>>> print(open('upload-v9.cif').read())   # mmCIF, C-alpha atoms
data_data
loop_
_atom_site.label_atom_id
_atom_site.label_comp_id
_atom_site.auth_asym_id
_atom_site.auth_seq_id
_atom_site.Cartn_x
_atom_site.Cartn_y
_atom_site.Cartn_z
CA MET V 218 -10.64 23.06 16.18
CA LYS V 219 -7.65 23.75 13.90
CA ARG V 220 -4.82 21.28 13.55
CA ALA V 221 -1.76 21.70 11.36
CA TRP V 222 -1.43 18.29 9.76
CA LYS V 223 0.92 17.65 6.88
CA ILE V 224 0.64 15.26 4.00
CA ALA V 225 2.65 12.10 4.70
CA ASP V 226 3.28 13.07 8.28
CA HIS V 227 5.11 9.96 9.41
CA THR V 228 5.30 10.23 13.18
CA ALA V 229 6.75 6.82 13.86
CA ARG V 230 7.29 5.82 17.43
CA ARG V 231 10.05 3.39 18.20
CA ALA V 232 8.95 0.08 19.64
CA VAL V 233 10.60 -1.60 22.56
CA GLU V 234 13.41 -3.82 21.36
CA GLU V 235 12.60 -7.46 21.99
CA PHE V 236 15.58 -9.06 20.30
CA ASP V 237 19.33 -9.00 20.71
CA LEU V 238 20.42 -7.08 17.66
CA ALA V 239 24.05 -8.02 18.28
CA ALA V 240 23.33 -11.74 17.97
CA PRO V 241 24.45 -13.29 14.67
CA THR V 242 21.96 -14.65 12.16
CA GLY V 243 22.21 -16.77 9.02
CA SER V 244 19.15 -15.19 7.43
CA VAL V 245 19.96 -12.59 4.79
CA ALA V 246 16.56 -10.92 5.16
CA LEU V 247 16.89 -10.70 8.93
CA ARG V 248 20.48 -9.47 8.80
CA ARG V 249 19.40 -6.70 6.44
CA LEU V 250 16.66 -5.60 8.80
CA ILE V 251 18.93 -5.70 11.84
CA GLU V 252 21.45 -3.51 10.03
CA GLU V 253 18.74 -1.00 9.21
CA VAL V 254 17.38 -0.87 12.74
CA THR V 255 20.88 -0.71 14.25
CA ASN V 256 22.25 1.94 11.91
CA SER V 257 19.21 4.13 11.45
CA ALA V 258 15.49 3.64 11.73
CA GLU V 259 15.08 5.85 8.69
CA SER V 260 17.88 4.33 6.62
CA CYS V 261 15.77 3.35 3.64
CA VAL V 262 13.29 6.21 3.53
CA SER V 263 14.63 7.54 0.26
CA SER V 264 14.82 4.19 -1.52
CA ALA V 265 12.30 2.99 -4.05
CA TYR V 266 11.39 0.22 -1.65
CA ASN V 267 9.66 2.64 0.65
CA ARG V 268 7.67 4.49 -1.89
CA THR V 269 4.11 4.76 -0.81
CA TYR V 270 1.68 2.78 -2.85
CA HIS V 271 -2.00 2.57 -2.71
CA ARG V 272 -3.90 -0.59 -2.75
CA HIS V 273 -4.97 -2.14 -6.00
CA ASN V 274 -7.13 -5.06 -5.13
CA ARG V 275 -10.55 -4.12 -6.31
CA MET U 70 -15.77 -6.27 -2.62
CA GLY U 71 -16.93 -4.00 -5.41
CA ASP U 72 -16.07 -0.35 -5.67
CA GLU U 73 -18.92 1.50 -7.35
CA GLY U 74 -17.61 5.01 -6.63
CA TRP U 75 -16.36 5.44 -10.20
CA ARG U 76 -19.93 5.46 -11.52
CA ASP U 77 -20.49 9.09 -10.52
CA GLN U 78 -17.08 10.26 -11.73
CA PRO U 79 -15.91 11.30 -15.21
CA LYS U 80 -13.76 8.66 -16.91
CA LEU U 81 -10.81 11.02 -17.18
CA MET U 82 -9.44 13.93 -15.17
CA SER U 83 -9.82 17.04 -17.32
CA ALA U 84 -6.86 19.28 -18.19
CA GLY U 85 -8.29 21.97 -15.91
CA VAL U 86 -8.41 19.63 -12.94
CA VAL U 87 -4.91 18.35 -13.67
CA GLU U 88 -3.52 21.89 -13.69
CA LYS U 89 -5.30 22.76 -10.47
CA VAL U 90 -4.17 19.58 -8.69
CA ALA U 91 -0.54 20.17 -9.70
CA SER U 92 -0.53 23.79 -8.62
CA ALA U 93 -2.27 23.05 -5.31
CA LEU U 94 0.17 20.24 -4.49
CA GLY U 95 3.14 22.39 -5.52
CA GLU U 96 1.98 25.15 -3.19
CA GLN U 97 1.52 22.61 -0.39
CA PHE U 98 5.06 21.30 -0.90
CA ILE U 99 6.46 24.80 -0.57
CA ARG U 100 4.28 25.44 2.49
CA GLN U 101 5.13 22.27 4.41
CA GLY U 102 8.74 21.87 3.26
CA THR U 103 8.75 18.10 3.64
CA PRO U 104 8.38 16.01 0.48
CA PHE U 105 5.48 13.69 -0.25
CA SER U 106 4.45 11.30 -2.99
CA VAL U 107 1.68 11.35 -5.57
CA VAL U 108 0.41 7.92 -6.62
CA LEU U 109 -1.60 7.49 -9.80
CA HIS U 110 -4.05 4.66 -9.40
CA GLY U 111 -7.47 3.60 -10.55
CA GLY U 112 -9.14 1.61 -11.96
CA GLU U 113 -6.26 1.39 -14.33
CA PRO U 114 -4.32 4.66 -14.66
CA LEU U 115 -2.59 3.67 -17.91
CA MET U 116 -5.96 3.88 -19.66
CA LEU U 117 -5.07 7.58 -19.82
CA GLY U 118 -2.83 6.79 -22.79
CA ALA U 119 0.69 8.08 -23.38
CA LYS U 120 -0.27 11.60 -24.45
CA ARG U 121 -2.48 12.40 -21.47
CA LEU U 122 -0.09 10.64 -19.09
CA ARG U 123 2.77 12.81 -20.38
CA ALA U 124 0.73 15.98 -19.83
CA LEU U 125 -0.22 14.86 -16.32
CA CYS U 126 3.34 13.95 -15.38
CA ASP U 127 4.65 17.18 -16.87
CA HIS U 128 2.36 19.26 -14.67
CA LEU U 129 3.03 17.18 -11.57
CA ARG U 130 6.81 17.05 -11.96
CA SER U 131 7.00 20.79 -12.64
CA ALA U 132 5.14 21.46 -9.41
CA LEU U 133 6.74 18.67 -7.40
CA PRO U 134 10.49 18.39 -8.06
CA HIS U 135 12.59 15.71 -6.39
CA PRO U 136 12.64 14.52 -3.67
CA CYS U 137 8.84 14.45 -4.11
CA GLY U 138 7.85 11.15 -5.66
CA ILE U 139 5.49 10.38 -8.51
CA HIS U 140 4.41 6.76 -8.71
CA ILE U 141 1.93 4.63 -10.52
CA GLN U 142 0.13 1.45 -9.48
CA THR U 143 -0.75 -0.50 -12.60
CA ASN U 144 -1.68 -3.93 -13.89
CA ALA U 145 1.00 -3.38 -16.59
CA VAL U 146 -1.20 -4.66 -19.42
CA LEU U 147 -0.98 -1.26 -21.16
CA LEU U 148 2.68 -0.70 -20.28
CA SER U 149 3.85 0.01 -23.83
CA GLU U 150 7.28 1.31 -24.88
CA GLU U 151 5.69 4.72 -25.43
CA ILE U 152 4.26 4.74 -21.91
CA ILE U 153 7.59 3.58 -20.48
CA ASP U 154 9.28 6.53 -22.27
CA VAL U 155 6.97 8.87 -20.36
CA LEU U 156 7.65 7.16 -17.03
CA VAL U 157 11.40 7.42 -17.63
CA ALA U 158 11.19 11.06 -18.66
CA TYR U 159 9.44 12.09 -15.46
CA ASP U 160 11.01 9.52 -13.11
CA VAL U 161 7.73 7.86 -12.24
CA GLY U 162 8.14 4.84 -9.93
CA VAL U 163 6.16 1.79 -10.95
CA SER U 164 4.44 -0.85 -8.84
CA ILE U 165 2.71 -3.67 -10.66
CA SER U 166 -0.23 -5.72 -9.44
CA ILE U 167 0.30 -9.45 -9.96
CA ASP U 168 -0.92 -12.13 -7.60
CA GLY U 169 1.54 -14.96 -8.32
CA PRO U 170 1.64 -17.73 -10.93
CA ALA U 171 -1.00 -17.85 -13.67
CA GLU U 172 -3.36 -20.23 -11.90
CA VAL U 173 -3.47 -17.96 -8.82
CA HIS U 174 -3.51 -14.62 -10.62
CA ASP U 175 -6.04 -15.58 -13.28
CA TRP U 176 -8.57 -16.85 -10.76
CA PHE U 177 -9.47 -13.26 -9.84
CA ARG U 178 -7.87 -11.00 -12.42
CA LYS U 179 -9.67 -11.35 -15.72
CA ASP U 180 -10.12 -9.01 -18.65
CA HIS U 181 -13.50 -7.86 -19.99
CA ARG U 182 -13.71 -11.09 -22.02
CA ASP U 183 -13.27 -13.16 -18.86
CA ARG U 184 -9.77 -14.24 -19.83
CA GLY U 185 -6.97 -14.32 -17.26
CA SER U 186 -4.51 -11.44 -17.60
CA HIS U 187 -1.38 -13.11 -16.22
CA ALA U 188 0.42 -13.49 -19.55
CA GLU U 189 -0.19 -9.85 -20.45
CA VAL U 190 0.94 -8.64 -17.03
CA ARG U 191 4.15 -10.68 -17.22
CA ALA U 192 4.80 -9.30 -20.71
CA GLY U 193 4.38 -5.77 -19.33
CA ILE U 194 6.80 -6.47 -16.48
CA ASN U 195 9.32 -7.87 -18.95
CA ARG U 196 9.10 -4.73 -21.07
CA ILE U 197 10.12 -2.55 -18.15
CA VAL U 198 12.72 -4.96 -16.74
CA GLN U 199 14.44 -5.34 -20.11
CA ARG U 200 15.12 -1.63 -20.49
CA ASP U 201 18.19 -0.34 -18.70
CA ASP U 202 16.70 3.13 -18.39
CA ALA U 203 13.38 1.86 -17.02
CA ARG U 204 14.40 -1.04 -14.77
CA PRO U 205 15.26 1.24 -11.80
CA LEU U 206 11.70 2.59 -11.91
CA LEU U 207 10.23 -0.78 -11.01
CA ALA U 208 9.87 -0.45 -7.27
CA GLY U 209 7.98 -3.67 -6.72
CA VAL U 210 5.10 -5.99 -7.39
CA LEU U 211 1.96 -6.09 -5.31
CA ALA U 212 0.00 -9.29 -4.75
CA VAL U 213 -3.37 -9.87 -3.17
CA ILE U 214 -3.31 -13.09 -1.19
CA ASP U 215 -5.43 -16.08 -2.10
CA PRO U 216 -5.21 -18.09 1.11
CA ARG U 217 -5.88 -21.30 -0.86
CA SER U 218 -2.63 -20.84 -2.80
CA ASP U 219 0.82 -22.24 -2.04
CA PRO U 220 2.92 -19.41 -0.52
CA LEU U 221 6.16 -20.91 -1.88
CA ARG U 222 4.85 -21.01 -5.45
CA VAL U 223 3.58 -17.46 -5.13
CA TYR U 224 6.86 -16.21 -3.63
CA LYS U 225 8.97 -17.90 -6.31
CA SER U 226 6.73 -16.63 -9.07
CA LEU U 227 6.86 -13.03 -7.86
CA LYS U 228 10.62 -13.18 -7.28
CA GLU U 229 11.08 -14.41 -10.85
CA THR U 230 9.64 -11.13 -12.13
CA GLY U 231 12.93 -9.47 -11.16
CA ALA U 232 11.19 -6.86 -9.00
CA PRO U 233 13.32 -5.65 -6.09
CA SER U 234 10.39 -5.69 -3.69
CA LEU U 235 7.27 -7.79 -3.17
CA ASP U 236 4.27 -6.65 -1.21
CA PHE U 237 1.19 -8.52 -0.11
CA LEU U 238 -2.34 -7.44 0.69
CA VAL U 239 -5.13 -9.35 2.35
CA ARG U 240 -8.48 -9.38 0.59
CA ASP U 241 -10.90 -6.73 1.76
CA GLY U 242 -13.55 -7.60 4.28
CA ASN U 243 -15.05 -6.49 7.58
CA TRP U 244 -17.11 -7.77 10.50
CA ASP U 245 -20.29 -7.71 8.41
CA GLN U 246 -18.78 -9.23 5.28
CA LEU U 247 -16.01 -11.74 5.83
CA PRO U 248 -13.02 -11.55 3.48
CA PHE U 249 -12.75 -14.21 0.79
CA GLY U 250 -11.21 -17.37 2.21
CA LYS U 251 -11.94 -16.63 5.86
CA VAL U 252 -14.57 -18.91 7.35
CA SER U 253 -15.05 -17.00 10.62
CA PRO U 254 -13.59 -14.02 12.49
CA ASP U 255 -11.56 -16.44 14.63
CA SER U 256 -10.16 -18.45 11.74
CA THR U 257 -6.55 -17.81 10.69
CA GLU U 258 -6.25 -18.67 6.99
CA TYR U 259 -4.39 -15.45 6.15
CA GLY U 260 -2.22 -15.63 9.27
CA GLU U 261 -1.13 -19.15 8.44
CA TRP U 262 -0.40 -18.24 4.83
CA LEU U 263 1.71 -15.27 5.87
CA ALA U 264 3.48 -17.27 8.59
CA SER U 265 4.56 -19.76 5.89
CA LEU U 266 5.78 -16.82 3.84
CA VAL U 267 7.90 -15.62 6.78
CA ALA U 268 9.68 -18.99 6.92
CA ILE U 269 10.26 -18.96 3.15
CA TYR U 270 11.55 -15.38 3.23
CA LEU U 271 13.92 -15.85 6.14
CA ALA U 272 15.40 -18.98 4.53
CA ASP U 273 15.98 -17.38 1.11
CA PRO U 274 19.73 -16.80 0.53
CA ALA U 275 18.98 -14.04 -2.01
CA PRO U 276 15.71 -12.47 -0.90
CA PRO U 277 14.01 -9.52 -2.53
CA ARG U 278 12.34 -7.13 -0.13
CA VAL U 279 8.97 -8.23 1.26
CA ARG U 280 7.50 -4.99 2.40
CA LEU U 281 4.72 -6.22 4.69
CA LEU U 282 6.98 -8.68 6.50
CA ASP U 283 9.91 -6.25 6.64
CA ASP U 284 7.71 -3.62 8.25
CA MET U 285 6.35 -5.95 10.91
CA MET U 286 9.74 -7.51 11.68
CA ARG U 287 11.44 -4.13 11.74
CA ILE U 288 8.98 -3.03 14.41
CA LEU U 289 9.58 -6.25 16.37
CA LEU U 290 13.31 -5.48 16.17
CA GLY U 291 12.81 -2.00 17.58
CA GLY U 292 12.51 0.02 14.39
CA SER U 293 9.52 1.67 12.80
CA GLY U 294 7.00 0.74 10.14
CA GLN U 295 6.45 2.49 6.83
CA LYS U 296 3.37 0.75 5.47
CA GLU U 297 -0.21 1.80 5.86
CA GLY U 298 -2.07 -0.66 8.08
CA VAL U 299 0.99 -1.78 10.05
CA GLY U 300 2.41 -0.30 13.26
CA GLU U 301 1.47 2.94 14.92
CA THR U 302 2.73 5.38 12.28
CA ASP U 303 0.13 7.87 11.10
CA TYR U 304 -0.32 8.52 7.38
CA GLY U 305 -1.78 11.57 5.68
CA ILE U 306 -3.46 10.14 2.58
CA ILE U 307 -5.73 12.27 0.41
CA ILE U 308 -7.51 11.04 -2.69
CA VAL U 309 -8.25 13.43 -5.57
CA GLU U 310 -11.06 12.05 -7.71
CA PRO U 311 -11.24 12.75 -11.48
CA ASP U 312 -13.64 15.66 -10.93
CA GLY U 313 -11.33 17.23 -8.31
CA ARG U 314 -13.29 16.07 -5.29
CA LEU U 315 -11.14 15.43 -2.23
CA ALA U 316 -11.85 12.12 -0.57
CA LYS U 317 -10.60 10.04 2.32
CA ASN U 318 -8.42 6.98 1.84
CA ASP U 319 -10.14 4.99 -0.90
CA THR U 320 -9.60 1.76 1.01
CA LEU U 321 -12.47 2.89 3.24
CA LYS U 322 -14.86 1.99 0.42
CA ALA U 323 -14.37 -1.60 1.56
CA ALA U 324 -16.26 -0.70 4.75
CA HIS U 325 -19.40 0.62 3.09
CA PRO U 326 -20.31 2.72 0.03
CA GLY U 327 -19.50 6.37 0.68
CA ALA U 328 -17.21 5.69 3.66
CA ASP U 329 -14.46 7.58 1.84
CA ARG U 330 -16.51 10.76 1.54
CA PHE U 331 -16.38 13.83 3.73
CA ASP U 332 -19.70 15.17 5.01
CA ARG U 333 -19.03 18.44 3.23
CA PRO U 334 -17.95 17.90 -0.40
CA TRP U 335 -14.45 19.40 -0.51
CA SER U 336 -13.00 20.03 -3.97
CA ILE U 337 -9.56 21.00 -5.20
CA MET U 338 -11.32 23.17 -7.80
CA ARG U 339 -13.08 25.31 -5.21
CA ASP U 340 -11.36 24.92 -1.84
CA SER U 341 -7.90 25.83 -0.62
CA LEU U 342 -5.82 22.74 0.13
CA ALA U 343 -4.19 24.66 2.99
CA GLU U 344 -7.59 25.28 4.59
CA PHE U 345 -8.66 21.71 3.99
CA LEU U 346 -5.56 20.33 5.73
CA VAL U 347 -6.27 22.31 8.90
CA SER U 348 -10.01 21.69 8.85
CA GLU U 349 -11.79 19.72 11.52
CA ALA U 350 -13.01 17.33 8.82
CA TYR U 351 -9.47 16.42 7.81
CA GLY U 352 -8.28 16.29 11.42
CA ASP U 353 -11.09 13.91 12.35
CA TYR U 354 -10.36 11.71 9.34
CA TYR U 355 -6.64 11.69 10.18
CA GLY U 356 -7.43 10.68 13.74
CA GLU U 357 -9.70 7.84 12.62
CA GLN U 358 -6.74 5.68 11.61
CA ARG U 359 -5.84 5.22 15.28
CA PRO U 360 -7.55 2.19 16.79
CA LEU U 361 -10.49 2.81 19.10
CA SER U 362 -11.36 -0.69 20.23
CA PRO U 363 -10.67 -1.48 23.91
CA THR U 364 -9.42 -4.87 22.68
CA CYS U 365 -6.77 -3.13 20.56
CA LEU U 366 -5.85 -0.58 23.20
CA ALA U 367 -5.15 -3.38 25.69
CA CYS U 368 -3.36 -5.62 23.18
CA PRO U 369 0.41 -6.18 23.58
CA ASP U 370 0.74 -6.57 19.80
CA LEU U 371 -0.83 -3.20 18.96
CA LYS U 372 2.57 -1.61 18.30
CA VAL U 373 3.13 -4.16 15.51
CA CYS U 374 -0.27 -4.43 13.84
CA GLY U 375 -1.51 -0.93 14.67
CA GLY U 376 -5.09 -2.18 14.58
CA GLY U 377 -4.81 -3.09 10.89
CA MET U 378 -6.46 -1.25 8.02
CA VAL U 379 -9.28 1.02 9.17
CA ALA U 380 -11.70 -0.40 6.58
CA HIS U 381 -11.24 -3.88 8.02
CA ARG U 382 -12.46 -2.71 11.45
CA TRP U 383 -15.93 -1.86 10.17
CA ARG U 384 -19.14 -3.23 11.62
CA ALA U 385 -22.42 -1.44 10.83
CA ALA U 386 -23.57 -1.76 14.44
CA ASN U 387 -20.68 0.23 15.95
CA GLY U 388 -18.63 1.69 13.10
CA PHE U 389 -14.83 1.41 13.25
CA ALA U 390 -14.47 0.81 17.01
CA ASN U 391 -13.46 -2.82 16.50
CA PRO U 392 -10.25 -4.77 16.01
CA THR U 393 -9.53 -5.63 12.39
CA ILE U 394 -11.46 -8.63 11.05
CA PHE U 395 -7.96 -10.08 10.56
CA CYS U 396 -7.15 -9.78 14.30
CA ALA U 397 -6.81 -13.56 14.81
CA ASP U 398 -4.60 -13.75 11.69
CA GLN U 399 -2.46 -10.84 12.86
CA ARG U 400 -1.92 -12.29 16.31
CA LEU U 401 -0.99 -15.68 14.89
CA LEU U 402 1.39 -14.07 12.40
CA ILE U 403 3.08 -11.91 15.03
CA GLU U 404 3.48 -14.92 17.34
CA LYS U 405 4.99 -17.00 14.51
CA MET U 406 7.19 -14.08 13.48
CA ARG U 407 8.55 -13.68 17.00
CA GLY U 408 9.27 -17.41 17.13
CA ALA U 409 10.95 -17.37 13.73
CA LEU U 410 13.18 -14.43 14.68
CA GLN U 411 14.17 -16.10 17.94
CA ARG U 412 14.93 -19.38 16.16
CA GLU U 413 17.02 -17.61 13.53
CA GLN U 414 19.12 -15.99 16.21
CA ALA U 415 19.41 -19.19 18.24
CA LYS U 416 20.42 -21.14 15.13
CA ALA U 417 23.25 -18.77 14.35
CA ALA U 418 24.45 -18.29 17.94
#
>>> encode(input="upload-v9.cif", output="structure tokens")
Amino acid sequence: MKRAWKIADHTARRAVEEFDLAAPTGSVALRRLIEEVTNSAESCVSSAYNRTYHRHNR
Amino acid sequence: MGDEGWRDQPKLMSAGVVEKVASALGEQFIRQGTPFSVVLHGGEPLMLGAKRLRALCDHLRSALPHPCGIHIQTNAVLLSEEIIDVLVAYDVGVSISIDGPAEVHDWFRKDHRDRGSHAEVRAGINRIVQRDDARPLLAGVLAVIDPRSDPLRVYKSLKETGAPSLDFLVRDGNWDQLPFGKVSPDSTEYGEWLASLVAIYLADPAPPRVRLLDDMMRILLGGSGQKEGVGETDYGIIIVEPDGRLAKNDTLKAAHPGADRFDRPWSIMRDSLAEFLVSEAYGDYYGEQRPLSPTCLACPDLKVCGGGMVAHRWRAANGFANPTIFCADQRLLIEKMRGALQREQAKAA
């Protein structure tokens, strides 16, 4: 069986929203995440934050 | 859990293998069009030394221009000014392994003379942070959790490094060999530790990124995950060993010796990467990251945890068709995370 996979094939599926993204929050970390999810699910793909790292715990 | 796979590998990747790896990856980039990242890891990749590292990065960057990423996961002990010059020259992102304050880090991370390495690691981080040209390369620090430690002390200590992002890993284990600090499959030491971290993170008025928590919360908020072992995103990870052998995700070694090997020994020196990527062997390996356990498939939290790391599902009696050994921790963490998110919104409403 032949399958055409790609390296780093990120086929993310969106989850069902469980929270009211329009509700205000005092948490900086949460506000940042809400902005990302609201504006674009892929908003930080190109940032250093999302670089793919391997584990290093052995 | 020890990794003995290095014993049958040369200490260094030869120049011939480096050239072949770079050309094969460059051809793959052209073929698939979408960018990907190469991560140098070990062992300790900086043991290459500045000269060999420069040659390696030169080949890789020539074959893989931006937006492809080149990154290194290091303990930073050998992060000299000369090495930093190389990383700057080839725009190599850096992630540094440090587990928290000295008393936490030095418990597990010791040098060959049995001395804790925390002071050397912090010195290495400082060298990169203090250079204007190198600071943007520091993508984050990566900590392995000691569930006996104080999450607040660990968080503060890692934040003080100046890294823009923190990430956390659980200690390896499986159903046959419990992870350090976990007294039974049903116990929740790691879940409780991470739940405390969630509270600390959400209350921080100037938080760095916390990749593991961000990924899980982003999924809970309706977004997608970007970290291996979280959510239902599939990842195509290939390991190239020093001799050019192609292997599965090296984390699988935590399941059992040889779990990262393909039945047929594929090699970048002999085989076409294009053929390998459409082979049944690669397709089967790629599919293995999806959870098989009926418990997982019926679980309402599967979209968040994704069944956890494949290696942590292992049990000799039935292979990988199990929930992660951290299932109880994951469920507790997700429950606490949901509660924390709801409280945050209620507080501000």
>>> interface_residues(input="upload-v9.cif", of="chain U", to="chain V", cutoff="7 Å", atoms="all atoms listed in the file", output="JSON, numbers by chain")
{"U": [70, 71, 72, 101, 105, 106, 108, 142, 166, 208, 213, 234, 270, 271, 272, 274, 276, 287, 288, 289, 290, 291, 292, 293, 295, 301, 302, 303, 304, 305, 306, 346, 347, 348, 349, 352, 372, 413, 414, 417, 418]}
>>> write_last_selection(input="upload-v9.cif", atoms="C-alpha atoms", output="tab-separated table (two decimals), in the coordinates of the input")
chain	number	residue	atom	x	y	z
U	70	MET	CA	-15.77	-6.27	-2.62
U	71	GLY	CA	-16.93	-4.00	-5.41
U	72	ASP	CA	-16.07	-0.35	-5.67
U	101	GLN	CA	5.13	22.27	4.41
U	105	PHE	CA	5.48	13.69	-0.25
U	106	SER	CA	4.45	11.30	-2.99
U	108	VAL	CA	0.41	7.92	-6.62
U	142	GLN	CA	0.13	1.45	-9.48
U	166	SER	CA	-0.23	-5.72	-9.44
U	208	ALA	CA	9.87	-0.45	-7.27
U	213	VAL	CA	-3.37	-9.87	-3.17
U	234	SER	CA	10.39	-5.69	-3.69
U	270	TYR	CA	11.55	-15.38	3.23
U	271	LEU	CA	13.92	-15.85	6.14
U	272	ALA	CA	15.40	-18.98	4.53
U	274	PRO	CA	19.73	-16.80	0.53
U	276	PRO	CA	15.71	-12.47	-0.90
U	287	ARG	CA	11.44	-4.13	11.74
U	288	ILE	CA	8.98	-3.03	14.41
U	289	LEU	CA	9.58	-6.25	16.37
U	290	LEU	CA	13.31	-5.48	16.17
U	291	GLY	CA	12.81	-2.00	17.58
U	292	GLY	CA	12.51	0.02	14.39
U	293	SER	CA	9.52	1.67	12.80
U	295	GLN	CA	6.45	2.49	6.83
U	301	GLU	CA	1.47	2.94	14.92
U	302	THR	CA	2.73	5.38	12.28
U	303	ASP	CA	0.13	7.87	11.10
U	304	TYR	CA	-0.32	8.52	7.38
U	305	GLY	CA	-1.78	11.57	5.68
U	306	ILE	CA	-3.46	10.14	2.58
U	346	LEU	CA	-5.56	20.33	5.73
U	347	VAL	CA	-6.27	22.31	8.90
U	348	SER	CA	-10.01	21.69	8.85
U	349	GLU	CA	-11.79	19.72	11.52
U	352	GLY	CA	-8.28	16.29	11.42
U	372	LYS	CA	2.57	-1.61	18.30
U	413	GLU	CA	17.02	-17.61	13.53
U	414	GLN	CA	19.12	-15.99	16.21
U	417	ALA	CA	23.25	-18.77	14.35
U	418	ALA	CA	24.45	-18.29	17.94
>>> residues_near_point(input="upload-v9.cif", point="(-20.3, -2.1, 9.4)", cutoff="7 Å", atoms="all atoms listed in the file", output="PyMOL selection string")
chain U and resi 244-245+324-325+383-388
>>> residues_around(input="upload-v9.cif", residues="Arg382 of chain U", least_positions_apart="3", cutoff="10 Å", atoms="only C-alpha atoms", output="ChimeraX atom specification")
/U:242-245,321,324,360-362,376-379,387-396
>>> write_last_selection(input="upload-v9.cif", atoms="C-alpha atoms", output="CSV table (one decimal), keeping the file's coordinate frame")
chain,number,residue,atom,x,y,z
U,242,GLY,CA,-13.6,-7.6,4.3
U,243,ASN,CA,-15.0,-6.5,7.6
U,244,TRP,CA,-17.1,-7.8,10.5
U,245,ASP,CA,-20.3,-7.7,8.4
U,321,LEU,CA,-12.5,2.9,3.2
U,324,ALA,CA,-16.3,-0.7,4.8
U,360,PRO,CA,-7.6,2.2,16.8
U,361,LEU,CA,-10.5,2.8,19.1
U,362,SER,CA,-11.4,-0.7,20.2
U,376,GLY,CA,-5.1,-2.2,14.6
U,377,GLY,CA,-4.8,-3.1,10.9
U,378,MET,CA,-6.5,-1.2,8.0
U,379,VAL,CA,-9.3,1.0,9.2
U,387,ASN,CA,-20.7,0.2,16.0
U,388,GLY,CA,-18.6,1.7,13.1
U,389,PHE,CA,-14.8,1.4,13.2
U,390,ALA,CA,-14.5,0.8,17.0
U,391,ASN,CA,-13.5,-2.8,16.5
U,392,PRO,CA,-10.2,-4.8,16.0
U,393,THR,CA,-9.5,-5.6,12.4
U,394,ILE,CA,-11.5,-8.6,11.0
U,395,PHE,CA,-8.0,-10.1,10.6
U,396,CYS,CA,-7.2,-9.8,14.3
>>> residues_near_point(input="upload-v9.cif", point="(9.8, -0.5, -17.1)", cutoff="8 Å", atoms="all atoms listed in the file", output="PyMOL selection string")
chain U and resi 148+153+156+163+193-200+202-207
>>> write_last_selection(input="upload-v9.cif", atoms="C-alpha atoms", output="short mmCIF file (atom, residue, chain, number, x, y, z; two decimals), keeping the file's coordinate frame")
data_model
loop_
_atom_site.label_atom_id
_atom_site.label_comp_id
_atom_site.auth_asym_id
_atom_site.auth_seq_id
_atom_site.Cartn_x
_atom_site.Cartn_y
_atom_site.Cartn_z
CA LEU U 148 2.68 -0.70 -20.28
CA ILE U 153 7.59 3.58 -20.48
CA LEU U 156 7.65 7.16 -17.03
CA VAL U 163 6.16 1.79 -10.95
CA GLY U 193 4.38 -5.77 -19.33
CA ILE U 194 6.80 -6.47 -16.48
CA ASN U 195 9.32 -7.87 -18.95
CA ARG U 196 9.10 -4.73 -21.07
CA ILE U 197 10.12 -2.55 -18.15
CA VAL U 198 12.72 -4.96 -16.74
CA GLN U 199 14.44 -5.34 -20.11
CA ARG U 200 15.12 -1.63 -20.49
CA ASP U 202 16.70 3.13 -18.39
CA ALA U 203 13.38 1.86 -17.02
CA ARG U 204 14.40 -1.04 -14.77
CA PRO U 205 15.26 1.24 -11.80
CA LEU U 206 11.70 2.59 -11.91
CA LEU U 207 10.23 -0.78 -11.01
#
>>> atom_distance(input="upload-v9.cif", atom1="atom CA of Pro134 of chain U", atom2="atom CA of Arg339 of chain U")
24.7 Å
>>> atom_distance(input="upload-v9.cif", atom1="atom CA of Pro363 of chain U", atom2="atom CA of Arg240 of chain U")
24.7 Å
